[in-house]
$ cat query05.txt   # compact mmCIF, C-alpha atoms
# COMPACT_ATOMS: atom_id res chain seq x y z
CA MET A 336 -109.05 35.29 71.32
CA HIS A 337 -107.05 38.27 70.21
CA ASP A 338 -109.25 40.19 67.83
CA LYS A 339 -112.95 40.93 67.80
CA ARG A 340 -115.26 41.37 64.85
CA TYR A 341 -118.41 43.36 65.56
CA LEU A 342 -121.15 42.28 63.20
CA THR A 343 -123.94 44.65 62.22
CA PHE A 344 -127.59 43.82 61.71
CA ASP A 345 -127.06 44.35 57.99
CA GLU A 346 -124.34 41.69 58.04
CA ILE A 347 -126.68 39.36 59.94
CA LYS A 348 -129.39 39.88 57.32
CA MET A 349 -126.86 39.07 54.61
CA LEU A 350 -125.71 35.90 56.41
CA VAL A 351 -129.30 34.76 57.01
CA GLY A 352 -130.02 35.43 53.33
CA LYS A 353 -127.12 33.17 52.37
CA LEU A 354 -128.47 30.43 54.63
CA CYS A 355 -131.98 30.71 53.19
CA THR A 356 -130.57 30.51 49.67
CA GLN A 357 -128.54 27.39 50.55
CA ILE A 358 -131.48 25.71 52.26
CA ALA A 359 -133.88 26.46 49.41
CA ALA A 360 -131.33 25.29 46.81
CA SER A 361 -130.99 21.97 48.66
CA ASN A 362 -134.76 21.41 48.39
CA PHE A 363 -135.04 21.00 52.15
CA GLN A 364 -138.34 22.43 53.33
CA PRO A 365 -138.44 22.72 57.12
CA ASP A 366 -141.71 22.05 58.92
CA MET A 367 -140.28 23.82 61.95
CA VAL A 368 -137.27 25.97 62.77
CA VAL A 369 -135.64 25.54 66.19
CA GLY A 370 -133.54 28.42 67.52
CA ILE A 371 -130.91 27.60 70.11
CA THR A 372 -130.89 30.18 72.89
CA ARG A 373 -129.58 32.78 72.89
CA GLY A 374 -127.60 33.36 69.72
CA GLY A 375 -129.71 31.25 67.39
CA LEU A 376 -133.03 32.92 68.20
CA LEU A 377 -132.94 35.96 65.91
CA PRO A 378 -131.60 34.06 62.90
CA ALA A 379 -134.18 31.31 63.54
CA VAL A 380 -137.03 33.84 63.60
CA MET A 381 -135.81 35.33 60.31
CA ILE A 382 -135.49 31.90 58.68
CA SER A 383 -138.92 30.82 59.93
CA HIS A 384 -140.45 33.91 58.32
CA TYR A 385 -138.65 33.19 55.06
CA PHE A 386 -139.96 29.61 54.91
CA LYS A 387 -143.31 30.54 56.51
CA VAL A 388 -143.09 27.85 59.18
CA PRO A 389 -143.31 27.94 62.99
CA MET A 390 -140.29 28.59 65.14
CA SER A 391 -139.56 27.17 68.59
CA ALA A 392 -136.77 27.90 71.03
CA LEU A 393 -134.49 25.34 72.61
CA GLN A 394 -132.76 26.43 75.82
CA TRP A 395 -129.25 25.07 75.50
CA SER A 396 -125.84 26.44 76.31
CA SER A 397 -122.47 24.80 76.57
CA ARG A 398 -120.76 28.05 77.57
CA ASP A 399 -122.94 30.98 78.72
CA ASN A 400 -125.74 30.94 81.28
CA THR A 401 -125.26 27.28 82.14
CA GLU A 402 -126.81 27.97 85.54
CA LEU A 403 -130.20 28.13 83.79
CA GLY A 404 -129.81 24.52 82.75
CA ASN A 405 -130.41 22.96 79.39
CA GLU A 406 -133.87 22.06 78.18
CA SER A 407 -134.13 18.35 77.69
CA ASN A 408 -137.32 17.75 75.80
CA CYS A 409 -138.90 14.85 74.01
CA TRP A 410 -141.40 16.43 71.64
CA MET A 411 -138.80 17.82 69.21
CA PRO A 412 -136.99 14.51 68.70
CA GLU A 413 -140.36 12.71 68.64
CA ASP A 414 -141.46 15.02 65.82
CA ALA A 415 -138.15 14.29 64.08
CA VAL A 416 -138.54 10.51 64.19
CA ALA A 417 -142.16 10.93 63.06
CA GLY A 418 -140.73 12.43 59.87
CA LYS A 419 -141.08 16.17 60.38
CA ASN A 420 -138.33 18.26 58.79
CA ILE A 421 -136.63 20.23 61.54
CA LEU A 422 -134.00 22.91 61.02
CA ILE A 423 -131.91 23.69 64.11
CA VAL A 424 -130.32 27.16 64.01
CA ASP A 425 -127.48 28.71 66.01
CA ASP A 426 -125.29 31.75 65.51
CA ILE A 427 -121.95 29.94 65.38
CA VAL A 428 -120.58 26.43 65.61
CA ASP A 429 -117.47 27.16 67.61
CA THR A 430 -116.23 23.92 69.15
CA GLY A 431 -119.37 22.03 68.15
CA GLN A 432 -120.08 21.09 71.76
CA THR A 433 -123.64 22.44 71.73
CA ILE A 434 -124.56 20.34 68.68
CA ILE A 435 -122.90 17.25 70.18
CA GLU A 436 -124.82 17.67 73.44
CA ILE A 437 -128.17 18.20 71.71
CA LYS A 438 -127.63 15.09 69.57
CA GLU A 439 -126.82 13.08 72.71
CA ASP A 440 -129.87 14.44 74.52
CA TRP A 441 -132.20 13.72 71.62
CA ALA A 442 -130.84 10.16 71.37
CA LYS A 443 -131.99 9.58 74.97
CA SER A 444 -135.46 10.99 74.25
CA VAL A 445 -136.64 8.59 71.56
CA ILE A 446 -136.56 4.87 70.83
CA LYS A 447 -135.94 5.22 67.11
CA GLU A 448 -132.79 7.02 65.96
CA VAL A 449 -133.10 10.64 64.80
CA GLN A 450 -132.08 10.94 61.15
CA TRP A 451 -129.54 13.73 61.49
CA HIS A 452 -128.68 15.48 58.23
CA GLU A 453 -131.69 13.87 56.52
CA ASN A 454 -134.88 15.29 58.03
CA VAL A 455 -133.11 17.10 60.87
CA LYS A 456 -130.58 19.63 59.64
CA ILE A 457 -128.36 22.18 61.31
CA ALA A 458 -127.72 25.74 60.12
CA THR A 459 -125.36 28.32 61.58
CA LEU A 460 -124.46 31.81 60.54
CA GLN A 461 -120.80 31.06 61.08
CA LYS A 462 -118.51 28.09 61.45
CA ARG A 463 -115.06 28.18 63.02
CA TYR A 464 -112.33 27.10 60.64
CA SER A 465 -111.03 24.37 62.97
CA CYS A 466 -114.43 22.97 63.99
CA ASP A 467 -114.90 19.48 62.61
CA VAL A 468 -118.52 19.03 63.72
CA PHE A 469 -120.66 18.76 60.59
CA VAL A 470 -123.39 21.31 59.98
CA ASP A 471 -125.62 21.16 56.93
CA TYR A 472 -125.62 24.88 56.19
CA PHE A 473 -123.36 27.75 57.19
CA ALA A 474 -123.03 31.23 55.72
CA GLU A 475 -119.33 31.80 56.35
CA ILE A 476 -116.19 30.34 57.86
CA VAL A 477 -114.46 32.50 60.46
CA PRO A 478 -110.89 32.45 61.76
CA ASP A 479 -110.24 30.59 64.99
CA ARG A 480 -108.61 33.55 66.70
CA MET A 481 -111.30 36.13 65.88
CA TRP A 482 -114.09 36.49 68.43
CA GLN A 483 -117.46 37.23 66.81
CA VAL A 484 -119.62 39.83 68.57
CA TYR A 485 -123.21 39.79 67.37
CA PRO A 486 -125.34 42.96 67.39
CA TRP A 487 -127.78 41.49 69.93
CA GLU A 488 -124.89 41.02 72.38
CA GLU A 489 -123.92 44.68 72.58
CA TRP A 490 -126.96 46.70 71.64
CA ILE A 491 -127.02 48.83 74.82

$ encode --input "query05.txt" --output "structure tokens"
Amino acid sequence: MHDKRYLTFDEIKMLVGKLCTQIAASNFQPDMVVGITRGGLLPAVMISHYFKVPMSALQWSSRDNTELGNESNCWMPEDAVAGKNILIVDDIVDTGQTIIEIKEDWAKSVIKEVQWHENVKIATLQKRYSCDVFVDYFAEIVPDRMWQVYPWEEWI
């Protein structure tokens, strides 16, 4: 990556607002919002407040803090196959690896197939231009060569 873009909290609020508008316009009403640690947590909290639904965290990382391990769980995919509407939130879909890994993990957790993009949807603040992994909602497309620095990453 050559250039960096430092996002402000005001920009984050604007991006989350775009996501909430898209989600509401699609008539998808989440029963639960799931924030992927670490970058998806703040946007997930904001979205859960907007829709007035609970928010849970999912410890997963394909890049940073992999020594903590990823949280394989069964209750989230079980809720999904039981018909609950789940919105999974992350800050950016970069390569799409995190989403791919979560889908693979959830497939191992339940007998019946999770209905991705029907009652389980994915929202990200940003999507890399070259990423071909499908997400249901994203607020903006960002250039491949521009590293995104979120305000919670450099607040000290």

$ closest_residue --input "query05.txt" --among "A:Gly431, A:Gly418, A:Pro478, A:Pro378" --to "A:Leu350" --atoms "only C-alpha atoms"
A:Pro378

$ residues_around --input "query05.txt" --residues "A:Ala474" --least-positions-apart "3" --cutoff "10 Å" --atoms "all atoms listed in the file" --output "list in words"
Ile347, Met349, Leu350, Val351, Gly352, Lys353, Leu354, Cys355, Thr356, Gln357, Ile427, Ala458, Thr459, Leu460, Gln461, Lys462 and Val477 of chain A

$ atom_distance --input "query05.txt" --atom1 "atom CA of A:Val388" --atom2 "atom CA of A:Gln364"
9.3 Å

$ residues_around --input "query05.txt" --residues "stretch 440-457 of chain A" --least-positions-apart "5" --cutoff "7 Å" --atoms "all atoms listed in the file" --output "PyMOL selection string"
chain A and resi 407+409+412-413+415-416+418-424+470-472

$ write_last_selection --input "query05.txt" --atoms "C-alpha atoms" --output "JSON list (two decimals), in the frame of the given file"
[["chain", "number", "residue", "atom", "x", "y", "z"],
["A", 407, "SER", "CA", -134.13, 18.35, 77.69],
["A", 409, "CYS", "CA", -138.90, 14.85, 74.01],
["A", 412, "PRO", "CA", -136.99, 14.51, 68.70],
["A", 413, "GLU", "CA", -140.36, 12.71, 68.64],
["A", 415, "ALA", "CA", -138.15, 14.29, 64.08],
["A", 416, "VAL", "CA", -138.54, 10.51, 64.19],
["A", 418, "GLY", "CA", -140.73, 12.43, 59.87],
["A", 419, "LYS", "CA", -141.08, 16.17, 60.38],
["A", 420, "ASN", "CA", -138.33, 18.26, 58.79],
["A", 421, "ILE", "CA", -136.63, 20.23, 61.54],
["A", 422, "LEU", "CA", -134.00, 22.91, 61.02],
["A", 423, "ILE", "CA", -131.91, 23.69, 64.11],
["A", 424, "VAL", "CA", -130.32, 27.16, 64.01],
["A", 470, "VAL", "CA", -123.39, 21.31, 59.98],
["A", 471, "ASP", "CA", -125.62, 21.16, 56.93],
["A", 472, "TYR", "CA", -125.62, 24.88, 56.19]]

$ atom_distance --input "query05.txt" --atom1 "atom CA of A:Tyr485" --atom2 "atom CA of A:Leu342"
5.3 Å

$ atom_distance --input "query05.txt" --atom1 "atom CA of A:Lys348" --atom2 "atom CA of A:Pro486"
11.3 Å

$ axis_aligned_box --input "query05.txt" --around "stretch 420-432 of chain A" --padding-each-side "5 Å" --output "lines of an AutoDock Vina configuration file"
center_x = -127.3
center_y = 25.0
center_z = 65.3
size_x = 32.1
size_y = 23.5
size_z = 23.0
